[in-house]
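Dumped run_5.csv below, it's CSV, C-alpha atoms:
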```csv
chain,number,residue,atom,x,y,z
A,1,MET,CA,-16.6,17.7,-15.6
A,2,ASN,CA,-20.2,16.7,-15.0
A,3,PRO,CA,-21.9,19.1,-12.5
A,4,GLN,CA,-24.4,16.3,-11.8
A,5,TYR,CA,-21.8,14.6,-9.5
A,6,GLN,CA,-19.8,15.8,-6.6
A,7,TYR,CA,-16.6,14.2,-8.0
A,8,ASP,CA,-15.2,13.4,-11.4
A,9,ILE,CA,-13.5,10.3,-10.0
A,10,PHE,CA,-13.8,8.7,-6.6
A,11,VAL,CA,-11.3,6.0,-5.4
A,12,ILE,CA,-12.1,3.4,-2.7
A,13,GLY,CA,-8.8,2.2,-1.3
A,14,GLY,CA,-5.8,4.3,-0.2
A,15,GLY,CA,-3.0,1.9,-1.0
A,16,SER,CA,-0.3,2.5,-3.6
A,17,GLY,CA,-2.7,1.9,-6.5
A,18,GLY,CA,-5.4,4.3,-5.1
A,19,LEU,CA,-2.8,7.0,-4.2
A,20,THR,CA,-1.3,6.8,-7.7
A,21,VAL,CA,-4.7,7.2,-9.4
A,22,VAL,CA,-5.8,10.2,-7.3
A,23,ASP,CA,-2.4,11.8,-7.9
A,24,GLU,CA,-2.6,11.4,-11.7
A,25,ALA,CA,-6.3,12.5,-11.7
A,26,GLN,CA,-5.7,15.7,-9.7
A,27,LYS,CA,-2.8,16.6,-12.0
A,28,LEU,CA,-5.4,16.6,-14.9
A,29,GLY,CA,-7.6,18.9,-13.0
A,30,LYS,CA,-10.2,16.4,-11.9
A,31,ARG,CA,-12.4,16.7,-8.8
A,32,VAL,CA,-11.1,13.7,-6.8
A,33,GLY,CA,-12.3,12.0,-3.6
A,34,LEU,CA,-10.6,9.1,-1.8
A,35,ALA,CA,-12.0,6.7,0.9
A,36,ASP,CA,-9.8,4.5,2.9
A,37,TYR,CA,-10.6,2.6,6.1
A,38,ILE,CA,-9.3,-0.4,7.9
A,39,LYS,CA,-11.6,-2.3,10.2
A,40,PRO,CA,-9.7,-2.8,13.5
A,41,SER,CA,-8.5,-6.4,14.2
A,42,PRO,CA,-9.7,-8.2,17.4
A,43,HIS,CA,-6.6,-6.8,19.1
A,44,GLY,CA,-7.5,-3.3,17.9
A,45,THR,CA,-4.8,-3.1,15.1
A,46,GLN,CA,-5.6,-0.4,12.5
A,47,TRP,CA,-3.7,1.8,10.2
A,48,GLY,CA,-4.0,4.8,7.8
A,49,THR,CA,-3.4,5.4,4.1
A,50,GLY,CA,-0.6,3.6,2.2
A,51,GLY,CA,-2.0,0.1,2.1
A,52,THR,CA,-0.5,-3.1,3.3
A,53,CYS,CA,3.2,-2.4,2.5
A,54,PRO,CA,4.0,0.6,4.7
A,55,ASN,CA,1.7,-0.4,7.5
A,56,VAL,CA,1.9,-4.1,8.1
A,57,GLY,CA,4.1,-5.4,5.3
A,58,CYS,CA,7.3,-4.1,3.7
A,59,ILE,CA,8.3,-1.3,6.2
A,60,PRO,CA,7.8,-3.2,9.5
A,61,LYS,CA,9.3,-6.4,8.0
A,62,LYS,CA,12.4,-4.6,6.8
A,63,LEU,CA,12.9,-2.8,10.0
A,64,MET,CA,12.8,-6.0,11.9
A,65,HIS,CA,15.0,-7.8,9.4
A,66,MET,CA,17.5,-4.9,9.6
A,67,THR,CA,17.5,-5.2,13.4
A,68,ALA,CA,18.3,-9.0,13.1
A,69,LEU,CA,21.1,-8.3,10.7
A,70,ILE,CA,22.6,-5.7,13.0
A,71,GLY,CA,22.5,-8.2,15.9
A,72,GLU,CA,24.3,-10.8,13.7
A,73,ILE,CA,26.9,-8.4,12.4
A,74,ARG,CA,28.1,-7.3,15.9
A,75,HIS,CA,30.2,-10.5,16.0
A,76,GLU,CA,31.8,-9.7,12.6
A,77,LEU,CA,32.6,-6.1,13.6
A,78,THR,CA,34.6,-7.3,16.6
A,79,ALA,CA,36.4,-9.9,14.5
A,80,THR,CA,37.3,-7.3,11.9
A,81,GLY,CA,38.8,-4.8,14.3
A,82,TRP,CA,36.0,-2.5,15.3
A,83,GLN,CA,36.5,-1.4,18.9
A,84,GLY,CA,33.9,-0.8,21.7
A,85,ILE,CA,31.4,-3.3,20.2
A,86,ASN,CA,29.8,-5.6,22.7
A,87,PRO,CA,28.7,-8.8,20.8
A,88,HIS,CA,26.8,-10.0,23.9
A,89,SER,CA,24.6,-6.9,24.5
A,90,ASN,CA,20.9,-7.4,25.0
A,91,HIS,CA,18.1,-6.3,22.7
A,92,ASP,CA,15.1,-4.3,23.9
A,93,TRP,CA,12.0,-5.5,22.0
A,94,ASN,CA,9.8,-2.6,23.2
A,95,THR,CA,12.2,-0.1,21.7
A,96,LEU,CA,12.1,-1.8,18.3
A,97,VAL,CA,8.2,-1.9,18.5
A,98,ASN,CA,8.1,1.8,19.3
A,99,GLU,CA,10.4,2.7,16.4
A,100,VAL,CA,8.4,0.6,13.9
A,101,GLN,CA,5.2,2.3,15.0
A,102,ARG,CA,6.9,5.7,14.8
A,103,GLN,CA,8.0,5.0,11.2
A,104,VAL,CA,4.6,3.8,10.2
A,105,LYS,CA,2.8,6.8,11.7
A,106,GLY,CA,5.2,9.1,10.0
A,107,ILE,CA,4.4,7.6,6.6
A,108,ASN,CA,0.6,7.8,7.4
A,109,LYS,CA,0.9,11.5,8.3
A,110,ALA,CA,3.0,12.2,5.2
A,111,ASN,CA,0.4,10.6,3.0
A,112,ASP,CA,-2.4,12.4,4.7
A,113,ASP,CA,-0.6,15.8,4.4
A,114,TRP,CA,0.2,15.1,0.8
A,115,LEU,CA,-3.5,14.2,0.0
A,116,VAL,CA,-5.2,17.1,1.7
A,117,THR,CA,-2.8,19.9,2.3
A,118,THR,CA,-0.6,19.6,-0.8
A,119,ASN,CA,-3.1,18.4,-3.5
A,120,GLY,CA,-6.4,19.4,-2.0
A,121,ILE,CA,-7.9,15.9,-2.5
A,122,THR,CA,-10.9,15.2,-0.3
A,123,TYR,CA,-10.0,12.3,1.9
A,124,TYR,CA,-12.6,10.2,3.9
A,125,ASN,CA,-11.3,8.0,6.7
A,126,LYS,CA,-14.4,5.9,6.1
A,127,LEU,CA,-15.4,2.5,4.7
A,128,GLY,CA,-16.6,2.9,1.1
A,129,LYS,CA,-19.2,0.7,-0.4
A,130,LEU,CA,-20.7,0.9,-3.9
A,131,LYS,CA,-24.5,1.6,-3.9
A,132,ASP,CA,-24.9,2.0,-7.7
A,133,ASP,CA,-22.8,3.1,-10.7
A,134,HIS,CA,-22.4,6.6,-9.4
A,135,THR,CA,-23.0,6.5,-5.6
A,136,ILE,CA,-20.7,5.5,-2.8
A,137,GLU,CA,-21.9,4.9,0.8
A,138,LEU,CA,-19.3,6.0,3.4
A,139,ILE,CA,-19.5,4.6,6.9
A,140,ASP,CA,-17.4,5.9,9.8
A,141,LYS,CA,-16.1,4.0,12.8
A,142,ASP,CA,-19.3,4.9,14.8
A,143,GLY,CA,-21.5,3.4,12.1
A,144,GLN,CA,-22.7,6.8,10.8
A,145,PHE,CA,-23.0,7.0,7.0
A,146,GLU,CA,-23.2,9.5,4.2
A,147,PHE,CA,-23.5,9.2,0.4
A,148,VAL,CA,-21.3,10.9,-2.2
A,149,THR,CA,-21.6,10.7,-6.0
A,150,ALA,CA,-19.0,10.5,-8.7
A,151,GLU,CA,-19.0,10.2,-12.5
A,152,TYR,CA,-16.4,7.4,-12.3
A,153,ILE,CA,-15.7,5.1,-9.3
A,154,LEU,CA,-12.6,3.0,-8.9
A,155,GLN,CA,-12.4,0.3,-6.2
A,156,ILE,CA,-8.9,-0.9,-5.6
A,157,LEU,CA,-8.8,-4.6,-4.6
A,158,PHE,CA,-6.0,-6.4,-2.8
A,159,PHE,CA,-3.8,-8.3,-5.2
A,160,GLN,CA,-4.1,-11.7,-3.5
A,161,PHE,CA,-5.1,-13.2,-6.8
A,162,TYR,CA,-2.0,-11.9,-8.5
A,163,TYR,CA,0.2,-13.2,-5.7
A,164,LEU,CA,-1.3,-16.6,-6.1
A,165,LEU,CA,-1.0,-16.5,-9.8
A,166,ILE,CA,2.7,-15.5,-9.6
A,167,ILE,CA,3.4,-18.4,-7.2
A,168,ILE,CA,1.7,-20.9,-9.6
A,169,ILE,CA,3.7,-19.5,-12.6
A,170,ILE,CA,7.0,-19.8,-10.7
A,171,ILE,CA,6.3,-23.4,-9.6
A,172,ILE,CA,5.4,-24.4,-13.2
A,173,ILE,CA,8.4,-22.6,-14.6
A,174,GLN,CA,10.7,-24.3,-12.1
A,175,ILE,CA,9.6,-27.8,-13.1
A,176,LEU,CA,10.4,-27.2,-16.8
A,177,PRO,CA,13.9,-27.8,-18.0
A,178,ASN,CA,16.4,-25.3,-19.5
A,179,LEU,CA,14.9,-22.1,-18.0
A,180,PRO,CA,16.6,-19.3,-15.9
A,181,PRO,CA,16.7,-19.6,-12.1
A,182,ILE,CA,13.8,-18.6,-10.0
A,183,ARG,CA,15.3,-15.4,-8.8
A,184,TYR,CA,15.8,-14.1,-12.3
A,185,ILE,CA,12.2,-14.9,-13.3
A,186,ASN,CA,10.7,-13.6,-10.1
A,187,GLN,CA,12.4,-10.2,-10.4
A,188,ARG,CA,11.1,-9.8,-13.9
A,189,ILE,CA,7.5,-10.8,-13.1
A,190,TRP,CA,7.4,-8.2,-10.3
A,191,ILE,CA,8.9,-5.5,-12.5
A,192,LEU,CA,6.3,-6.2,-15.2
A,193,LEU,CA,3.4,-6.2,-12.6
A,194,SER,CA,4.6,-3.0,-11.0
A,195,PHE,CA,4.9,-1.3,-14.4
A,196,GLN,CA,1.5,-2.5,-15.5
A,197,GLN,CA,-0.1,-1.2,-12.3
A,198,TYR,CA,1.5,2.2,-13.0
A,199,LEU,CA,0.3,2.3,-16.6
A,200,ASP,CA,-3.2,1.2,-15.5
A,201,SER,CA,-3.4,4.0,-13.0
A,202,LYS,CA,-2.3,6.6,-15.5
A,203,TYR,CA,-4.7,5.3,-18.1
A,204,ILE,CA,-7.6,5.3,-15.6
A,205,ALA,CA,-6.9,8.9,-14.5
A,206,SER,CA,-6.4,10.3,-18.0
A,207,ASN,CA,-9.6,8.7,-19.4
A,208,THR,CA,-12.0,9.9,-16.7
```
In structure tokens, how does this file's structure come out?
Amino acid sequence: MNPQYQYDIFVIGGGSGGLTVVDEAQKLGKRVGLADYIKPSPHGTQWGTGGTCPNVGCIPKKLMHMTALIGEIRHELTATGWQGINPHSNHDWNTLVNEVQRQVKGINKANDDWLVTTNGITYYNKLGKLKDDHTIELIDKDGQFEFVTAEYILQILFFQFYYLLIIIIIIIIQILPNLPPIRYINQRIWILLSFQQYLDSKYIASNT
């Protein structure tokens, strides 16, 4: 620990990668800080920690997909002997929206409680920007700013490049003969990427 800095490691980005890094770092006794902030969209959309997946990706998508499947399966339930099922009942969109938002907010709160209450990690709901090798500028929603210092700074970037790379690889593989089907290859690419991200986060935390 270097007393010259406020933190041993400071992470910008509170998605799955950032949360994994701060978790591993605090287990090693490091002084850890985390900044995560989403600029509201023109419609005012914003979210908390967790990244894209639980906020606007996997969780909302799967809840909506599950709802659609339930709607379809009502017809099968009646045909296979289930009683009291109305295959022509209406769906209330607002109820679904409220449930999606409830689930997402629950995940955000669980993440925040885990960060601050359980592990004592300093969490800033502010936009983090690198000023130099050891200084981060933190800007809140009102434009007020402060500076913090850390011996090591990690900025988590969105994996758009990796998504594009995966798509290109899959397309190339599919035009080549005598190779496994796309589903088989896709699963293994994602497994390798996920495992690599996990190893990277453990390596970063253990070497800072």
Inset, instruction - Quick one: pull the distance between CA of Ile153 in chain A and CA of Val104 in chain A, Å, one decimal. - result: 28.2 Å
Inset, instruction - Please provide as a PyMOL selection string all residues within 9 Å of range 113-118 of chain A, with the sequence filter that same-chain residues fewer than 2 positions apart are discarded (counting all atoms listed in the file). - result: chain A and resi 19+22-23+34+108-111+120-123
Each residue of range 99-124 of chain A with at least one atom at most 12 Å from range 71-95 of chain A should appear once, together with its nearest atom pair and the corresponding distance in Å (one decimal); atoms considered: only C-alpha atoms; ordering: chain, then increasing residue number; output as JSON lines.
```
{"residue": "A:Glu99", "atom": "CA", "partner": "A:Thr95", "partner_atom": "CA", "distance": 6.3}
{"residue": "A:Val100", "atom": "CA", "partner": "A:Thr95", "partner_atom": "CA", "distance": 8.7}
{"residue": "A:Gln101", "atom": "CA", "partner": "A:Thr95", "partner_atom": "CA", "distance": 10.0}
{"residue": "A:Arg102", "atom": "CA", "partner": "A:Thr95", "partner_atom": "CA", "distance": 10.5}
```
Legend entry - Nearest candidate to Cys53 in chain A (options A:Ile156, A:Ile107, A:Val148, A:Leu130; using only C-alpha atoms):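 With only C-alpha atoms as the atom set, the closest residue is A:Ile107.
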Inset, instruction - Can you work out which one of A:Ala68, A:Ile38, A:Val11, A:Cys58 has the shortest atom-to-atom distance to Ile139 in chain A, counting only C-alpha atoms? - result: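 Checking each of A:Ala68, A:Ile38, A:Val11, A:Cys58 against Ile139 in chain A, counting only C-alpha atoms, the winner is A:Ile38.
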Inset, instruction - Can you work out the spacing between CA of Gln26 in chain A and CA of Gln46 in chain A in Å, to one decimal? - result: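 About the pair CA of Gln26 in chain A and CA of Gln46 in chain A: they are 27.4 Å apart.
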Legend entry - For Tyr7 in chain A, the nearest of the candidates A:Asp142, A:His134, A:Lys62, A:Gly50, counting all atoms listed in the file: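 That would be A:His134, the residue with the smallest distance to Tyr7 in chain A.
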Inset, instruction - Go ahead and compute the interatomic distance for CA of Pro40 in chain A and CA of Thr20 in chain A, in Å to one decimal. - result: 24.7 Å
Legend entry - Distance query 10 Å from (-16.3, 14.4, -11.3) using all atoms listed in the file, result as an MDAnalysis selection string: chainID A and resid 1:10 29:33 149:153 208
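Shortest atom-to-atom contact with Asp133 in chain A among A:Thr67, A:Asn55, A:Gln155, A:Thr49: A:Gln155, counting only C-alpha atoms.
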Written record: range 114-131 of chain A, N, CA and C atoms, as a PDB file, in the first residue's frame:
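Now in result-v8.pdb:
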```
ATOM      1  N   TRP A 114     -23.989  -4.729  -1.597  1.00  0.00           N
ATOM      2  CA  TRP A 114     -22.819  -5.616  -1.589  1.00  0.00           C
ATOM      3  C   TRP A 114     -21.531  -4.804  -1.618  1.00  0.00           C
ATOM      4  N   LEU A 115     -21.509  -3.743  -2.419  1.00  0.00           N
ATOM      5  CA  LEU A 115     -20.308  -2.922  -2.535  1.00  0.00           C
ATOM      6  C   LEU A 115     -19.983  -2.212  -1.225  1.00  0.00           C
ATOM      7  N   VAL A 116     -20.961  -1.475  -0.715  1.00  0.00           N
ATOM      8  CA  VAL A 116     -20.708  -0.550   0.390  1.00  0.00           C
ATOM      9  C   VAL A 116     -20.865  -1.229   1.747  1.00  0.00           C
ATOM     10  N   THR A 117     -22.013  -1.868   1.963  1.00  0.00           N
ATOM     11  CA  THR A 117     -22.312  -2.420   3.284  1.00  0.00           C
ATOM     12  C   THR A 117     -21.505  -3.674   3.573  1.00  0.00           C
ATOM     13  N   THR A 118     -21.476  -4.590   2.623  1.00  0.00           N
ATOM     14  CA  THR A 118     -20.825  -5.882   2.861  1.00  0.00           C
ATOM     15  C   THR A 118     -19.311  -5.795   2.769  1.00  0.00           C
ATOM     16  N   ASN A 119     -18.802  -5.126   1.746  1.00  0.00           N
ATOM     17  CA  ASN A 119     -17.362  -5.147   1.493  1.00  0.00           C
ATOM     18  C   ASN A 119     -16.652  -3.831   1.789  1.00  0.00           C
ATOM     19  N   GLY A 120     -17.404  -2.786   2.108  1.00  0.00           N
ATOM     20  CA  GLY A 120     -16.771  -1.525   2.470  1.00  0.00           C
ATOM     21  C   GLY A 120     -16.025  -0.849   1.338  1.00  0.00           C
ATOM     22  N   ILE A 121     -16.435  -1.107   0.110  1.00  0.00           N
ATOM     23  CA  ILE A 121     -15.800  -0.481  -1.050  1.00  0.00           C
ATOM     24  C   ILE A 121     -16.397   0.911  -1.247  1.00  0.00           C
ATOM     25  N   THR A 122     -15.549   1.887  -1.498  1.00  0.00           N
ATOM     26  CA  THR A 122     -16.038   3.246  -1.719  1.00  0.00           C
ATOM     27  C   THR A 122     -16.616   3.351  -3.125  1.00  0.00           C
ATOM     28  N   TYR A 123     -17.905   3.658  -3.182  1.00  0.00           N
ATOM     29  CA  TYR A 123     -18.613   3.712  -4.467  1.00  0.00           C
ATOM     30  C   TYR A 123     -19.008   5.150  -4.777  1.00  0.00           C
ATOM     31  N   TYR A 124     -18.654   5.596  -5.972  1.00  0.00           N
ATOM     32  CA  TYR A 124     -19.013   6.934  -6.440  1.00  0.00           C
ATOM     33  C   TYR A 124     -19.991   6.803  -7.602  1.00  0.00           C
ATOM     34  N   ASN A 125     -21.193   7.323  -7.419  1.00  0.00           N
ATOM     35  CA  ASN A 125     -22.147   7.364  -8.528  1.00  0.00           C
ATOM     36  C   ASN A 125     -21.851   8.619  -9.349  1.00  0.00           C
ATOM     37  N   LYS A 126     -20.679   8.590  -9.974  1.00  0.00           N
ATOM     38  CA  LYS A 126     -20.186   9.748 -10.707  1.00  0.00           C
ATOM     39  C   LYS A 126     -19.441   9.285 -11.953  1.00  0.00           C
ATOM     40  N   LEU A 127     -19.363  10.183 -12.920  1.00  0.00           N
ATOM     41  CA  LEU A 127     -18.641   9.896 -14.152  1.00  0.00           C
ATOM     42  C   LEU A 127     -17.145  10.040 -13.905  1.00  0.00           C
ATOM     43  N   GLY A 128     -16.402   8.978 -14.170  1.00  0.00           N
ATOM     44  CA  GLY A 128     -14.964   9.003 -13.934  1.00  0.00           C
ATOM     45  C   GLY A 128     -14.180   9.262 -15.207  1.00  0.00           C
ATOM     46  N   LYS A 129     -13.213  10.172 -15.117  1.00  0.00           N
ATOM     47  CA  LYS A 129     -12.343  10.479 -16.253  1.00  0.00           C
ATOM     48  C   LYS A 129     -10.891  10.479 -15.790  1.00  0.00           C
ATOM     49  N   LEU A 130     -10.020   9.927 -16.612  1.00  0.00           N
ATOM     50  CA  LEU A 130      -8.599   9.906 -16.280  1.00  0.00           C
ATOM     51  C   LEU A 130      -7.989  11.289 -16.502  1.00  0.00           C
ATOM     52  N   LYS A 131      -7.287  11.781 -15.486  1.00  0.00           N
ATOM     53  CA  LYS A 131      -6.575  13.053 -15.625  1.00  0.00           C
ATOM     54  C   LYS A 131      -5.089  12.821 -15.876  1.00  0.00           C
TER      55      LYS A 131
END
```
